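This is coords-v1.txt (compact mmCIF, C-alpha atoms and all ligand atoms).
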# COMPACT_ATOMS: atom_id res chain seq x y z
CA MET A 1 52.69 78.41 83.98
CA GLU A 2 55.46 80.89 84.24
CA LYS A 3 58.85 79.30 84.34
CA LYS A 4 60.95 80.18 87.33
CA ILE A 5 64.27 81.69 86.23
CA LYS A 6 67.33 81.80 88.37
CA LEU A 7 69.01 85.17 87.92
CA GLN A 8 72.76 85.39 87.99
CA GLY A 9 75.47 87.92 87.18
CA LEU A 10 76.93 88.20 83.69
CA SER A 11 80.01 86.22 82.78
CA GLY A 12 83.14 88.15 83.70
CA MET A 13 81.22 90.53 85.96
CA ARG A 14 81.30 90.13 89.70
CA ASP A 15 80.10 91.43 93.00
CA ILE A 16 82.52 92.83 95.52
CA LEU A 17 81.08 91.53 98.76
CA PRO A 18 81.23 93.30 102.13
CA ASP A 19 84.19 91.17 103.28
CA HIS A 20 86.37 92.52 100.49
CA GLN A 21 85.38 96.17 100.74
CA ILE A 22 88.11 96.75 103.30
CA TYR A 23 90.73 95.97 100.61
CA LEU A 24 89.07 98.24 98.14
CA LYS A 25 88.92 101.06 100.63
CA LYS A 26 92.58 100.59 101.49
CA ILE A 27 93.63 100.71 97.81
CA GLN A 28 91.50 103.76 97.08
CA LYS A 29 92.94 105.54 100.11
CA SER A 30 96.48 104.63 99.17
CA VAL A 31 96.08 105.92 95.61
CA GLU A 32 94.36 109.07 96.80
CA ASN A 33 96.92 109.89 99.49
CA THR A 34 99.84 109.28 97.14
CA VAL A 35 98.58 111.29 94.18
CA HIS A 36 97.40 114.17 96.35
CA TYR A 37 100.87 114.38 97.80
CA TYR A 38 102.18 114.75 94.24
CA GLY A 39 99.66 117.52 93.55
CA PHE A 40 97.10 115.70 91.39
CA GLN A 41 93.49 116.80 91.24
CA LYS A 42 90.54 114.48 90.95
CA ILE A 43 88.38 114.41 87.86
CA ASP A 44 85.37 112.21 87.11
CA VAL A 45 84.52 111.50 83.50
CA PRO A 46 81.48 109.62 82.16
CA ILE A 47 81.48 105.86 81.73
CA LEU A 48 79.90 106.32 78.31
CA GLU A 49 81.60 108.27 75.50
CA PHE A 50 81.48 108.39 71.71
CA VAL A 51 83.37 105.42 70.28
CA GLU A 52 85.85 107.75 68.55
CA VAL A 53 87.15 108.97 71.90
CA PHE A 54 88.52 105.49 72.56
CA ALA A 55 89.19 104.35 69.01
CA LYS A 56 91.13 107.35 67.67
CA GLY A 57 94.12 107.05 69.97
CA ALA A 58 94.16 103.34 70.68
CA GLY A 59 94.17 102.52 66.98
CA THR A 60 91.44 100.57 65.25
CA THR A 61 93.61 97.45 65.12
CA SER A 62 94.29 97.31 68.85
CA ASP A 63 92.65 94.42 70.68
CA VAL A 64 90.78 96.87 72.87
CA VAL A 65 89.00 98.51 69.97
CA GLU A 66 88.87 95.50 67.70
CA LYS A 67 87.23 93.01 69.99
CA GLU A 68 87.01 94.12 73.58
CA MET A 69 84.94 97.29 73.51
CA TYR A 70 81.32 97.31 74.61
CA SER A 71 79.92 99.55 71.92
CA PHE A 72 76.36 100.11 70.78
CA ARG A 73 74.03 102.58 69.13
CA THR A 74 71.81 104.66 71.37
CA LYS A 75 68.16 105.35 70.57
CA GLY A 76 69.37 108.67 69.15
CA GLN A 77 71.69 106.73 66.78
CA ASP A 78 74.91 107.82 68.46
CA LEU A 79 77.65 105.21 68.38
CA VAL A 80 78.91 105.02 71.96
CA ALA A 81 81.01 102.71 74.12
CA LEU A 82 81.53 101.85 77.75
CA ARG A 83 85.01 103.12 78.57
CA PRO A 84 87.69 100.42 78.28
CA GLU A 85 90.10 102.72 80.13
CA LEU A 86 90.08 106.17 81.72
CA THR A 87 92.80 108.05 79.83
CA PRO A 88 90.90 108.96 76.62
CA GLY A 89 87.96 110.40 78.56
CA ILE A 90 90.30 112.49 80.70
CA VAL A 91 92.08 113.78 77.59
CA ARG A 92 88.73 114.56 75.97
CA ALA A 93 87.76 116.55 79.08
CA TYR A 94 91.12 118.36 79.11
CA ILE A 95 90.47 119.55 75.56
CA GLU A 96 86.76 120.25 75.97
CA HIS A 97 87.24 122.41 79.07
CA GLY A 98 90.19 124.32 77.63
CA MET A 99 92.55 123.13 80.32
CA TYR A 100 95.47 123.98 78.03
CA ASN A 101 94.82 127.57 79.17
CA LEU A 102 95.71 126.63 82.73
CA PRO A 103 99.31 126.67 83.96
CA GLN A 104 100.88 123.48 82.60
CA PRO A 105 101.28 120.69 83.42
CA VAL A 106 97.74 119.80 84.42
CA LYS A 107 97.82 116.83 86.77
CA LEU A 108 94.64 114.79 86.94
CA TRP A 109 93.58 111.50 88.44
CA SER A 110 90.43 109.42 88.40
CA LEU A 111 89.15 106.10 89.67
CA GLY A 112 86.20 104.07 88.50
CA PRO A 113 84.83 101.09 86.60
CA CYS A 114 86.03 100.24 83.09
CA PHE A 115 84.74 97.56 80.72
CA ARG A 116 86.38 95.14 78.34
CA HIS A 117 84.73 92.20 76.67
CA ASP A 118 87.75 90.05 77.29
CA ARG A 119 87.94 86.32 77.86
CA PRO A 120 87.33 86.03 81.62
CA GLN A 121 90.40 84.64 83.39
CA LYS A 122 92.48 85.23 86.46
CA GLY A 123 92.84 88.92 87.15
CA ARG A 124 90.68 89.81 84.18
CA TYR A 125 87.07 90.80 84.61
CA ARG A 126 84.82 92.43 82.07
CA GLN A 127 84.02 95.15 84.55
CA PHE A 128 87.00 96.21 86.61
CA LEU A 129 88.10 99.15 88.68
CA GLN A 130 90.97 101.22 87.50
CA ALA A 131 92.75 104.32 88.72
CA SER A 132 94.28 106.62 86.16
CA VAL A 133 96.90 109.25 86.87
CA GLU A 134 97.78 111.68 84.08
CA VAL A 135 100.20 114.57 83.58
CA LEU A 136 99.23 116.73 80.61
CA GLY A 137 101.39 119.43 79.10
CA ASP A 138 104.88 118.43 80.15
CA LYS A 139 107.48 116.70 77.99
CA SER A 140 110.20 116.34 80.60
CA PRO A 141 111.47 112.79 81.22
CA SER A 142 111.37 113.59 84.94
CA ILE A 143 107.59 113.24 84.67
CA ASP A 144 108.03 109.67 83.39
CA GLY A 145 110.20 108.99 86.44
CA GLN A 146 107.70 110.58 88.79
CA ILE A 147 104.74 108.61 87.39
CA ILE A 148 106.67 105.36 87.82
CA GLN A 149 107.79 106.33 91.31
CA MET A 150 104.20 107.13 92.30
CA SER A 151 102.89 103.81 91.02
CA PHE A 152 105.66 102.05 92.90
CA ASP A 153 104.80 103.99 96.08
CA VAL A 154 101.17 102.89 95.92
CA LEU A 155 102.08 99.20 95.59
CA LYS A 156 104.66 99.41 98.34
CA ASP A 157 102.23 101.18 100.61
CA LEU A 158 99.77 98.34 100.05
CA GLY A 159 102.27 95.83 101.37
CA PHE A 160 103.71 94.39 98.16
CA LYS A 161 107.35 93.36 98.16
CA ASN A 162 109.49 92.30 95.19
CA ILE A 163 107.95 94.83 92.89
CA ASN A 164 109.40 94.72 89.39
CA ILE A 165 109.28 97.59 86.94
CA GLU A 166 109.83 96.86 83.26
CA VAL A 167 110.56 99.77 80.97
CA ASN A 168 111.13 100.32 77.30
CA SER A 169 110.96 103.11 74.77
CA ILE A 170 108.85 102.64 71.67
CA GLY A 171 110.01 105.80 69.93
CA ASP A 172 107.82 108.34 68.20
CA ALA A 173 106.58 109.38 64.74
CA GLU A 174 110.15 110.28 63.86
CA CYS A 175 111.77 106.89 64.42
CA ARG A 176 109.04 104.30 64.83
CA PRO A 177 107.95 104.02 61.16
CA TYR A 178 111.45 102.99 60.11
CA PHE A 179 111.73 100.50 62.94
CA LYS A 180 108.36 99.04 62.02
CA LYS A 181 109.64 98.58 58.51
CA ILE A 182 112.74 96.60 59.47
CA LEU A 183 110.75 94.66 62.06
CA THR A 184 108.17 93.72 59.45
CA ALA A 185 110.90 92.59 57.07
CA TYR A 186 112.39 90.41 59.80
CA PHE A 187 109.10 88.79 60.82
CA ARG A 188 107.99 88.37 57.24
CA SER A 189 111.01 86.18 56.61
CA LYS A 190 109.75 83.89 59.40
CA LYS A 191 106.06 84.37 58.76
CA SER A 192 105.14 80.71 58.43
CA SER A 193 106.46 80.02 61.94
CA LEU A 194 104.34 82.73 63.61
CA CYS A 195 100.96 82.08 65.22
CA SER A 196 97.90 83.01 63.16
CA ASP A 197 97.22 86.10 65.30
CA CYS A 198 100.72 87.36 64.67
CA GLN A 199 100.49 86.72 60.93
CA ARG A 200 97.56 89.10 60.98
CA ARG A 201 99.27 91.56 63.36
CA LEU A 202 102.23 91.67 60.99
CA LYS A 203 100.08 93.50 58.49
CA GLU A 204 98.48 95.86 60.98
CA ASN A 205 101.04 96.53 63.66
CA PRO A 206 104.25 94.49 63.73
CA LEU A 207 105.11 95.85 67.19
CA ARG A 208 102.30 93.74 68.59
CA VAL A 209 104.11 90.57 67.49
CA LEU A 210 106.75 91.46 70.10
CA ASP A 211 104.38 91.04 73.01
CA CYS A 212 102.72 87.81 71.78
CA LYS A 213 102.49 85.25 74.57
CA GLU A 214 102.84 82.24 72.21
CA GLU A 215 106.09 80.40 72.75
CA LYS A 216 106.87 79.94 69.08
CA CYS A 217 106.52 83.68 68.47
CA GLN A 218 108.71 84.47 71.46
CA ARG A 219 111.42 82.22 70.04
CA ILE A 220 111.36 84.15 66.80
CA ARG A 221 111.33 87.57 68.43
CA ALA A 222 114.57 86.71 70.25
CA GLY A 223 116.39 87.38 66.99
CA ALA A 224 114.37 90.46 66.07
CA PRO A 225 115.89 93.94 65.84
CA GLN A 226 115.41 96.02 68.99
CA ILE A 227 113.87 99.45 68.90
CA ILE A 228 116.33 100.76 71.46
CA ASP A 229 119.03 100.53 68.75
CA HIS A 230 116.87 102.49 66.33
CA LEU A 231 115.58 105.42 68.38
CA CYS A 232 116.04 108.89 66.95
CA GLU A 233 118.27 111.28 68.85
CA ASN A 234 115.38 112.95 70.62
CA CYS A 235 113.81 109.67 71.80
CA HIS A 236 117.17 108.25 72.75
CA GLY A 237 118.03 111.28 74.87
CA HIS A 238 114.61 111.26 76.49
CA PHE A 239 114.84 107.58 77.41
CA LYS A 240 118.37 107.95 78.75
CA GLN A 241 117.27 110.77 81.03
CA ALA A 242 114.16 108.90 82.16
CA LEU A 243 116.35 105.97 83.18
CA GLU A 244 118.69 108.31 85.02
CA PHE A 245 115.74 109.49 87.08
CA LEU A 246 114.83 105.90 87.88
CA ASP A 247 118.43 105.25 88.93
CA GLU A 248 118.42 108.35 91.11
CA LEU A 249 115.16 107.22 92.74
CA GLU A 250 116.72 103.78 93.24
CA LEU A 251 113.75 102.05 91.68
CA PRO A 252 114.09 98.34 90.84
CA TYR A 253 113.62 98.41 87.08
CA THR A 254 114.66 96.18 84.21
CA LEU A 255 114.78 96.97 80.51
CA ASN A 256 112.38 94.89 78.47
CA PRO A 257 112.92 95.43 74.72
CA TYR A 258 109.69 93.53 73.96
CA LEU A 259 107.42 95.72 76.01
CA VAL A 260 105.24 97.63 73.53
CA ARG A 261 101.80 98.03 75.18
CA GLY A 262 98.65 97.26 73.25
CA LEU A 263 97.63 100.79 72.38
CA ASP A 264 98.84 102.85 69.44
CA TYR A 265 98.90 106.17 71.23
CA TYR A 266 101.96 105.48 73.34
CA THR A 267 105.23 107.21 72.49
CA LYS A 268 108.69 106.99 74.00
CA THR A 269 108.67 105.59 77.57
CA VAL A 270 106.37 102.67 78.33
CA PHE A 271 106.35 100.59 81.51
CA GLU A 272 104.62 97.79 83.36
CA ILE A 273 104.81 96.98 87.05
CA THR A 274 104.37 93.45 88.32
CA GLU A 275 104.79 91.68 91.62
CA ASN A 276 107.53 89.11 91.41
CA SER A 277 106.00 85.95 92.89
CA ASP A 278 104.14 82.98 91.42
CA ALA A 279 100.82 84.54 92.37
CA GLY A 280 101.90 87.98 91.20
CA MET A 281 103.12 86.80 87.81
CA ALA A 282 99.82 85.03 87.20
CA TYR A 283 98.04 88.35 87.55
CA GLY A 284 100.29 90.25 85.16
CA ALA A 285 100.74 94.00 85.33
CA LEU A 286 99.32 95.72 88.40
CA ALA A 287 100.09 99.14 86.95
CA SER A 288 101.12 100.12 83.47
CA GLY A 289 101.42 103.18 81.35
CA GLY A 290 103.78 105.49 79.61
CA ARG A 291 104.08 108.61 77.58
CA TYR A 292 101.47 109.54 75.00
CA ASP A 293 102.67 112.72 73.35
CA ASN A 294 100.27 112.50 70.39
CA LEU A 295 96.96 111.62 71.99
CA VAL A 296 95.74 115.13 72.80
CA LYS A 297 96.34 116.18 69.20
CA LEU A 298 94.76 112.99 67.86
CA LEU A 299 91.62 113.77 69.84
CA GLY A 300 91.44 117.26 68.37
CA GLY A 301 93.45 119.30 70.87
CA ARG A 302 96.70 121.21 70.62
CA ASP A 303 100.04 119.47 70.46
CA THR A 304 100.37 118.49 74.13
CA PRO A 305 102.90 116.02 75.52
CA ALA A 306 101.53 113.77 78.26
CA CYS A 307 102.35 110.80 80.43
CA GLY A 308 100.27 108.60 82.68
CA VAL A 309 99.59 105.32 84.40
CA GLY A 310 96.63 103.00 84.82
CA ILE A 311 96.52 101.22 88.16
CA GLY A 312 94.55 97.97 88.19
CA VAL A 313 92.56 98.38 91.38
CA SER A 314 90.50 95.17 91.03
CA ARG A 315 93.55 93.14 90.15
CA ILE A 316 95.53 94.53 93.06
CA MET A 317 92.63 93.72 95.37
CA ASP A 318 92.50 90.10 94.18
CA LEU A 319 96.24 89.67 94.57
CA MET A 320 96.18 91.16 98.09
CA ILE A 321 93.47 88.68 99.03
CA GLU A 322 95.30 85.76 97.43
CA LYS A 323 98.59 86.69 99.09
CA GLU A 324 96.77 87.23 102.38
CA ILE A 325 98.24 90.68 102.76
CA LYS A 326 96.97 92.01 106.07
CA VAL A 327 94.83 95.09 106.07
CA ASP A 328 94.50 96.80 109.41
CA LYS A 329 90.86 96.49 110.37
CA LYS A 330 91.33 98.33 113.67
CA GLU A 331 91.11 101.83 112.27
CA GLU A 332 87.99 100.88 110.34
CA SER A 333 86.05 99.30 113.15
CA SER A 334 84.95 100.28 116.60
CA GLN A 335 86.62 99.30 119.84
CA ILE A 336 83.40 99.59 121.82
CA PHE A 337 80.42 97.26 121.83
CA LEU A 338 77.13 98.24 123.40
CA ALA A 339 75.28 95.25 124.88
CA GLN A 340 71.83 95.48 126.40
CA LEU A 341 69.51 93.31 128.42
CA GLY A 342 65.78 93.95 128.88
CA GLN A 343 63.28 96.30 127.23
CA SER A 344 64.02 99.39 129.27
CA ALA A 345 67.79 99.01 128.76
CA LYS A 346 67.30 98.41 125.05
CA ARG A 347 65.35 101.67 124.72
CA LYS A 348 67.95 103.64 126.63
CA SER A 349 70.73 101.95 124.62
CA LEU A 350 69.32 103.28 121.37
CA LYS A 351 69.52 106.77 122.83
CA LEU A 352 73.05 106.22 124.14
CA PHE A 353 74.06 104.87 120.73
CA GLU A 354 72.88 108.13 119.18
CA GLU A 355 74.97 110.10 121.68
CA PHE A 356 78.07 108.13 120.64
CA ARG A 357 77.27 108.77 117.00
CA ALA A 358 76.96 112.52 117.64
CA ALA A 359 80.33 112.39 119.45
CA LYS A 360 81.77 110.57 116.39
CA ILE A 361 82.92 107.61 118.46
CA PRO A 362 82.30 104.34 116.57
CA VAL A 363 80.29 101.83 118.57
CA ALA A 364 79.16 98.38 117.49
CA GLU A 365 75.89 96.89 118.67
CA SER A 366 73.55 94.02 118.14
CA PHE A 367 70.20 95.42 119.27
CA SER A 368 68.28 92.63 117.59
CA LYS A 369 69.79 90.10 119.99
CA ASP A 370 68.22 89.71 123.44
CA SER A 371 70.63 87.29 125.06
CA LEU A 372 73.65 88.88 126.71
CA ARG A 373 75.71 85.79 126.02
CA ALA A 374 75.04 86.03 122.28
CA GLN A 375 75.98 89.70 122.29
CA LEU A 376 79.23 89.09 124.16
CA LYS A 377 80.05 86.36 121.67
CA THR A 378 79.53 88.77 118.80
CA ALA A 379 81.75 91.35 120.49
CA ASP A 380 84.42 88.74 121.05
CA LYS A 381 84.31 87.69 117.40
CA MET A 382 84.78 91.30 116.35
CA GLY A 383 87.88 91.49 118.54
CA ILE A 384 86.43 94.34 120.55
CA LYS A 385 88.19 95.57 123.66
CA TRP A 386 85.48 97.47 125.54
CA VAL A 387 81.97 96.17 126.12
CA LEU A 388 79.36 98.42 127.71
CA ILE A 389 76.77 96.30 129.46
CA PHE A 390 73.40 97.91 129.92
CA GLY A 391 71.20 95.60 132.03
CA GLN A 392 67.98 96.00 134.01
CA LYS A 393 69.70 97.17 137.19
CA GLU A 394 71.83 99.62 135.21
CA ALA A 395 68.79 101.03 133.39
CA LEU A 396 67.00 101.53 136.68
CA GLU A 397 69.90 103.26 138.41
CA ASP A 398 71.32 105.14 135.39
CA PHE A 399 74.77 103.65 135.24
CA ILE A 400 76.52 101.28 132.88
CA THR A 401 78.93 98.40 133.43
CA LEU A 402 82.13 98.52 131.40
CA ARG A 403 83.99 95.30 130.82
CA ASN A 404 87.54 95.16 129.51
CA MET A 405 87.42 92.06 127.31
CA GLU A 406 91.19 91.61 127.45
CA THR A 407 91.49 91.58 131.25
CA GLY A 408 87.92 90.72 132.28
CA VAL A 409 87.99 93.66 134.72
CA GLN A 410 84.63 95.45 135.15
CA GLU A 411 83.78 98.92 136.43
CA GLU A 412 80.67 101.05 136.74
CA ILE A 413 80.26 104.40 135.01
CA LYS A 414 77.47 106.93 135.50
CA LEU A 415 75.27 107.10 132.41
CA ASP A 416 75.79 110.84 131.81
CA LYS A 417 79.57 110.40 131.96
CA VAL A 418 79.89 107.36 129.75
CA VAL A 419 80.51 109.08 126.38
CA GLU A 420 83.29 111.29 127.76
CA GLU A 421 84.80 108.43 129.71
CA MET A 422 84.89 106.19 126.63
CA ARG A 423 86.37 108.95 124.51
CA THR A 424 89.47 109.03 126.73
CA LYS A 425 89.61 105.22 126.86
CA VAL A 426 89.63 104.64 123.10
CA LYS A 427 92.24 107.35 122.62
CA LYS A 428 94.77 105.42 124.68
CA PRO A 429 96.79 103.01 122.58
ZN ZN A 501 102.04 85.11 68.06
ZN ZN A 502 112.07 109.12 68.00

Turn this file's structure into structure tokens for me.
Amino acid sequence: MEKKIKLQGLSGMRDILPDHQIYLKKIQKSVENTVHYYGFQKIDVPILEFVEVFAKGAGTTSDVVEKEMYSFRTKGQDLVALRPELTPGIVRAYIEHGMYNLPQPVKLWSLGPCFRHDRPQKGRYRQFLQASVEVLGDKSPSIDGQIIQMSFDVLKDLGFKNINIEVNSIGDAECRPYFKKILTAYFRSKKSSLCSDCQRRLKENPLRVLDCKEEKCQRIRAGAPQIIDHLCENCHGHFKQALEFLDELELPYTLNPYLVRGLDYYTKTVFEITENSDAGMAYGALASGGRYDNLVKLLGGRDTPACGVGIGVSRIMDLMIEKEIKVDKKEESSQIFLAQLGQSAKRKSLKLFEEFRAAKIPVAESFSKDSLRAQLKTADKMGIKWVLIFGQKEALEDFITLRNMETGVQEEIKLDKVVEEMRTKVKKP
């Protein structure tokens, strides 16, 4: 006998059920409206790319590449991976389509699923939605300021308060190697007190020790040299100007000398945006990013400075739900409910429903229900103001009864006037 198996989703993967779609839609809209205002153009890149696209810039020792990437060989023996983030694919497309020939900077944004084989925990899923906003071909620190401002705008628009922006500069090829050297020397002298992960990181990338979450490592880092004191003149000037833009924009930022980001390709300004509440801190960064002046070249393009942000759409959605941030359902749903009673009325209702659809006036219905009481209950639950009642008498005499659910007042409208009449009614606030 065949064994009955119960199918379930993969660990760390989840369904976004109809109830939560309203949040998703709101976030997508907010990102889209904001970035379009700033002149960004949408680009869609494939979910699957050659592994090198992700590995080259992130660095082979980054957690993302080392353990979190879903990579596999195709039947044609290509080594490919599900994208762990959007930026490398966008940069690959920028190079491949010769966008460096366009007037610079090129401003692109994208939104879609990304994949990381991470340990599932709060705010971390193995498939998650991310929005990515990238400026390619501009080295000005004003771009850093604008990217941060835009990310802040999106979160504010979504109803978050107490937004905190942490910024740091991690230097560039000019000054970072030396800093890494003195940082390594410092940590090496305390090596036995570091966690085992950090002892390994020390060999590969000492900067990563700075963002270790282990308490004993954080105690040691408190005495570590800070990169801000070791930036070259160029990086120092850039960071100073970027901060001046943030001051000018009156953005609530703090300097965090331990912020390094997990990916090798970042240069100069890096930032993370969190929501400052117990719930918010548990989720971690809602948006993060920075400058990546070397990535285009690393991926085979020309020397092209760039800056961008990844916005954690899934994470933001979860936090909005947890914090019970209200999303206005009114604009999404209809204010009119079409109720019917009897076969003849039901038939005519279907036709009337089509007329409303053609007139682009949203109307809710429950044609499968026969009882008027049940339909009115549904309408009430949906918080609907206007109910059109189409009964036997109405169907016979070609009129419809309109009930205002707030006042209980009823009136009769001729059937051929009902669409126009309702159009004026729903327009009124
Ligand atoms: Zn550690
Ligand atoms: Zn530098």

Go through chain A and flag each residue having an atom no more than 9 Å from ligand ZN 501 (chain A); for those, report the closest pair of atoms plus their distance in Å to one decimal, using only C-alpha atoms and all ligand atoms, ordered by chain and rising number, as a tab-separated table.
residue	atom	partner	partner_atom	distance
A:Leu194	CA	A:ZN501	ZN	5.5
A:Cys195	CA	A:ZN501	ZN	4.3
A:Ser196	CA	A:ZN501	ZN	6.7
A:Asp197	CA	A:ZN501	ZN	5.6
A:Cys198	CA	A:ZN501	ZN	4.3
A:Gln199	CA	A:ZN501	ZN	7.5
A:Arg201	CA	A:ZN501	ZN	8.4
A:Arg208	CA	A:ZN501	ZN	8.7
A:Val209	CA	A:ZN501	ZN	5.9
A:Leu210	CA	A:ZN501	ZN	8.2
A:Asp211	CA	A:ZN501	ZN	8.1
A:Cys212	CA	A:ZN501	ZN	4.6
A:Lys213	CA	A:ZN501	ZN	6.5
A:Glu214	CA	A:ZN501	ZN	5.1
A:Glu215	CA	A:ZN501	ZN	7.8
A:Lys216	CA	A:ZN501	ZN	7.1
A:Cys217	CA	A:ZN501	ZN	4.7
A:Gln218	CA	A:ZN501	ZN	7.5

Output C-alpha atoms for every residue in the selection just made, as a PDB file, in the coordinates of the input.
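Full text of result.pdb as output:
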ATOM      1  CA  LEU A 194     104.340  82.730  63.610  1.00  0.00           C
ATOM      2  CA  CYS A 195     100.960  82.080  65.220  1.00  0.00           C
ATOM      3  CA  SER A 196      97.900  83.010  63.160  1.00  0.00           C
ATOM      4  CA  ASP A 197      97.220  86.100  65.300  1.00  0.00           C
ATOM      5  CA  CYS A 198     100.720  87.360  64.670  1.00  0.00           C
ATOM      6  CA  GLN A 199     100.490  86.720  60.930  1.00  0.00           C
ATOM      7  CA  ARG A 201      99.270  91.560  63.360  1.00  0.00           C
ATOM      8  CA  ARG A 208     102.300  93.740  68.590  1.00  0.00           C
ATOM      9  CA  VAL A 209     104.110  90.570  67.490  1.00  0.00           C
ATOM     10  CA  LEU A 210     106.750  91.460  70.100  1.00  0.00           C
ATOM     11  CA  ASP A 211     104.380  91.040  73.010  1.00  0.00           C
ATOM     12  CA  CYS A 212     102.720  87.810  71.780  1.00  0.00           C
ATOM     13  CA  LYS A 213     102.490  85.250  74.570  1.00  0.00           C
ATOM     14  CA  GLU A 214     102.840  82.240  72.210  1.00  0.00           C
ATOM     15  CA  GLU A 215     106.090  80.400  72.750  1.00  0.00           C
ATOM     16  CA  LYS A 216     106.870  79.940  69.080  1.00  0.00           C
ATOM     17  CA  CYS A 217     106.520  83.680  68.470  1.00  0.00           C
ATOM     18  CA  GLN A 218     108.710  84.470  71.460  1.00  0.00           C
TER      19      GLN A 218
END

Site check for ligand ZN 502 (chain A): residues at most 8 Å away, all atoms listed in the file, as a PyMOL selection string: chain A and resi 171-176+231-236+268

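The interatomic distance for the pair atom CA of A:Phe40 and atom CA of A:Val133 works out to 7.9 Å.
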
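Excluding A:Glu421 itself and any same-chain residue fewer than 2 positions from it, the protein and nucleic acid residues within 12 Å of it, counting only C-alpha atoms, are Ile336, Phe356, Ala359, Ile361, Trp386, Leu388, Ile400, Leu402, Glu411, Glu412, Ile413, Lys414, Leu415, Asp416, Lys417, Val418, Val419, Arg423, Thr424, Lys425, Val426, Lys427 and Lys428 of chain A.
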
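When atom CA of A:Gly137 is paired with atom CA of A:Gly98, their separation reads 12.3 Å.
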
With distances taken over only C-alpha atoms, which of A:Leu7, A:Leu338, A:Val387, A:Ile311 is nearest to A:Lys351? A:Leu338

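For the residues A:Tyr283, A:Tyr265, A:Phe187, A:Phe152, ranking by smallest atom-to-atom distance to A:Asn164 using all atoms listed in the file places A:Phe152 first.
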
Who sits within 12 Å of A:Lys26, all atoms listed in the file, same chain under 6 positions skipped, as a PDB file with C-alpha atoms, in the coordinates of the input:
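Ended up saving to part30.pdb:
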ATOM      1  CA  HIS A  20      86.370  92.520 100.490  1.00  0.00           C
ATOM      2  CA  GLU A  32      94.360 109.070  96.800  1.00  0.00           C
ATOM      3  CA  ASN A  33      96.920 109.890  99.490  1.00  0.00           C
ATOM      4  CA  VAL A 154     101.170 102.890  95.920  1.00  0.00           C
ATOM      5  CA  LEU A 155     102.080  99.200  95.590  1.00  0.00           C
ATOM      6  CA  ASP A 157     102.230 101.180 100.610  1.00  0.00           C
ATOM      7  CA  LEU A 158      99.770  98.340 100.050  1.00  0.00           C
ATOM      8  CA  GLY A 159     102.270  95.830 101.370  1.00  0.00           C
ATOM      9  CA  VAL A 313      92.560  98.380  91.380  1.00  0.00           C
ATOM     10  CA  SER A 314      90.500  95.170  91.030  1.00  0.00           C
ATOM     11  CA  ILE A 316      95.530  94.530  93.060  1.00  0.00           C
ATOM     12  CA  MET A 317      92.630  93.720  95.370  1.00  0.00           C
ATOM     13  CA  MET A 320      96.180  91.160  98.090  1.00  0.00           C
ATOM     14  CA  ILE A 325      98.240  90.680 102.760  1.00  0.00           C
ATOM     15  CA  LYS A 326      96.970  92.010 106.070  1.00  0.00           C
ATOM     16  CA  VAL A 327      94.830  95.090 106.070  1.00  0.00           C
ATOM     17  CA  ASP A 328      94.500  96.800 109.410  1.00  0.00           C
ATOM     18  CA  LYS A 329      90.860  96.490 110.370  1.00  0.00           C
ATOM     19  CA  GLU A 331      91.110 101.830 112.270  1.00  0.00           C
ATOM     20  CA  GLU A 332      87.990 100.880 110.340  1.00  0.00           C
TER      21      GLU A 332
END

All residues 12 Å or closer to A:Arg347, only C-alpha atoms, same chain fewer than 3 positions away omitted, as a PyMOL selection string: chain A and resi 339-344+350-354+367-368+390-392+395

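The residues that lie within 10 Å of the point (98.8, 115.8, 70.5), counting all atoms listed in the file, are Gly57, Val91, Gly137, Tyr265, Tyr292, Asp293, Asn294, Leu295, Val296, Lys297, Leu298, Leu299, Gly300, Gly301, Arg302, Asp303, Thr304, Pro305 and Ala306 of chain A.
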
Set the distance at 9 Å and use only C-alpha atoms: which residues neighbour A:Lys67 once local chain neighbours fewer than 6 positions away are removed? I'd like the list as a ChimeraX atom specification. /A:116-118

From the set A:Leu111, A:Cys307, A:Leu17, A:Val80, which residue has the shortest atom-to-atom contact distance to A:Asp138, counting all atoms listed in the file? A:Cys307

Smallest atom-to-atom distance to A:Glu248: which of A:Gln149, A:Ala185, A:Pro120, A:Ala287, using all atoms listed in the file? A:Gln149

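The nearest approach to A:Gly59 among the residues A:Leu10, A:Leu263, A:Ala374, A:Ile384, with all atoms listed in the file taken into account, belongs to A:Leu263.
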
For the point (107.1, 110.2, 80.7) in file coordinates, what residues are within 9 Å, counting all atoms listed in the file? Give the answer as a ChimeraX atom specification? /A:135,138-148,238-239,242,267-270,290-293,305-308

Could you add whatever atoms are missing so that stretch 100-104 of chain A carries N, CA and C atoms, then write the result as a tab-separated table (two decimals), keeping the file's coordinate frame?
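Listed below is the output, part.tsv:
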chain	number	residue	atom	x	y	z
A	100	TYR	N	94.16	123.56	78.53
A	100	TYR	CA	95.47	123.98	78.03
A	100	TYR	C	95.72	125.45	78.36
A	101	ASN	N	94.64	126.17	78.76
A	101	ASN	CA	94.82	127.57	79.17
A	101	ASN	C	95.31	127.70	80.61
A	102	LEU	N	95.25	126.61	81.35
A	102	LEU	CA	95.71	126.63	82.73
A	102	LEU	C	97.23	126.53	82.75
A	103	PRO	N	97.86	126.91	83.87
A	103	PRO	CA	99.31	126.67	83.96
A	103	PRO	C	99.58	125.18	83.75
A	104	GLN	N	100.56	124.87	82.89
A	104	GLN	CA	100.88	123.48	82.60
A	104	GLN	C	102.04	123.01	83.48
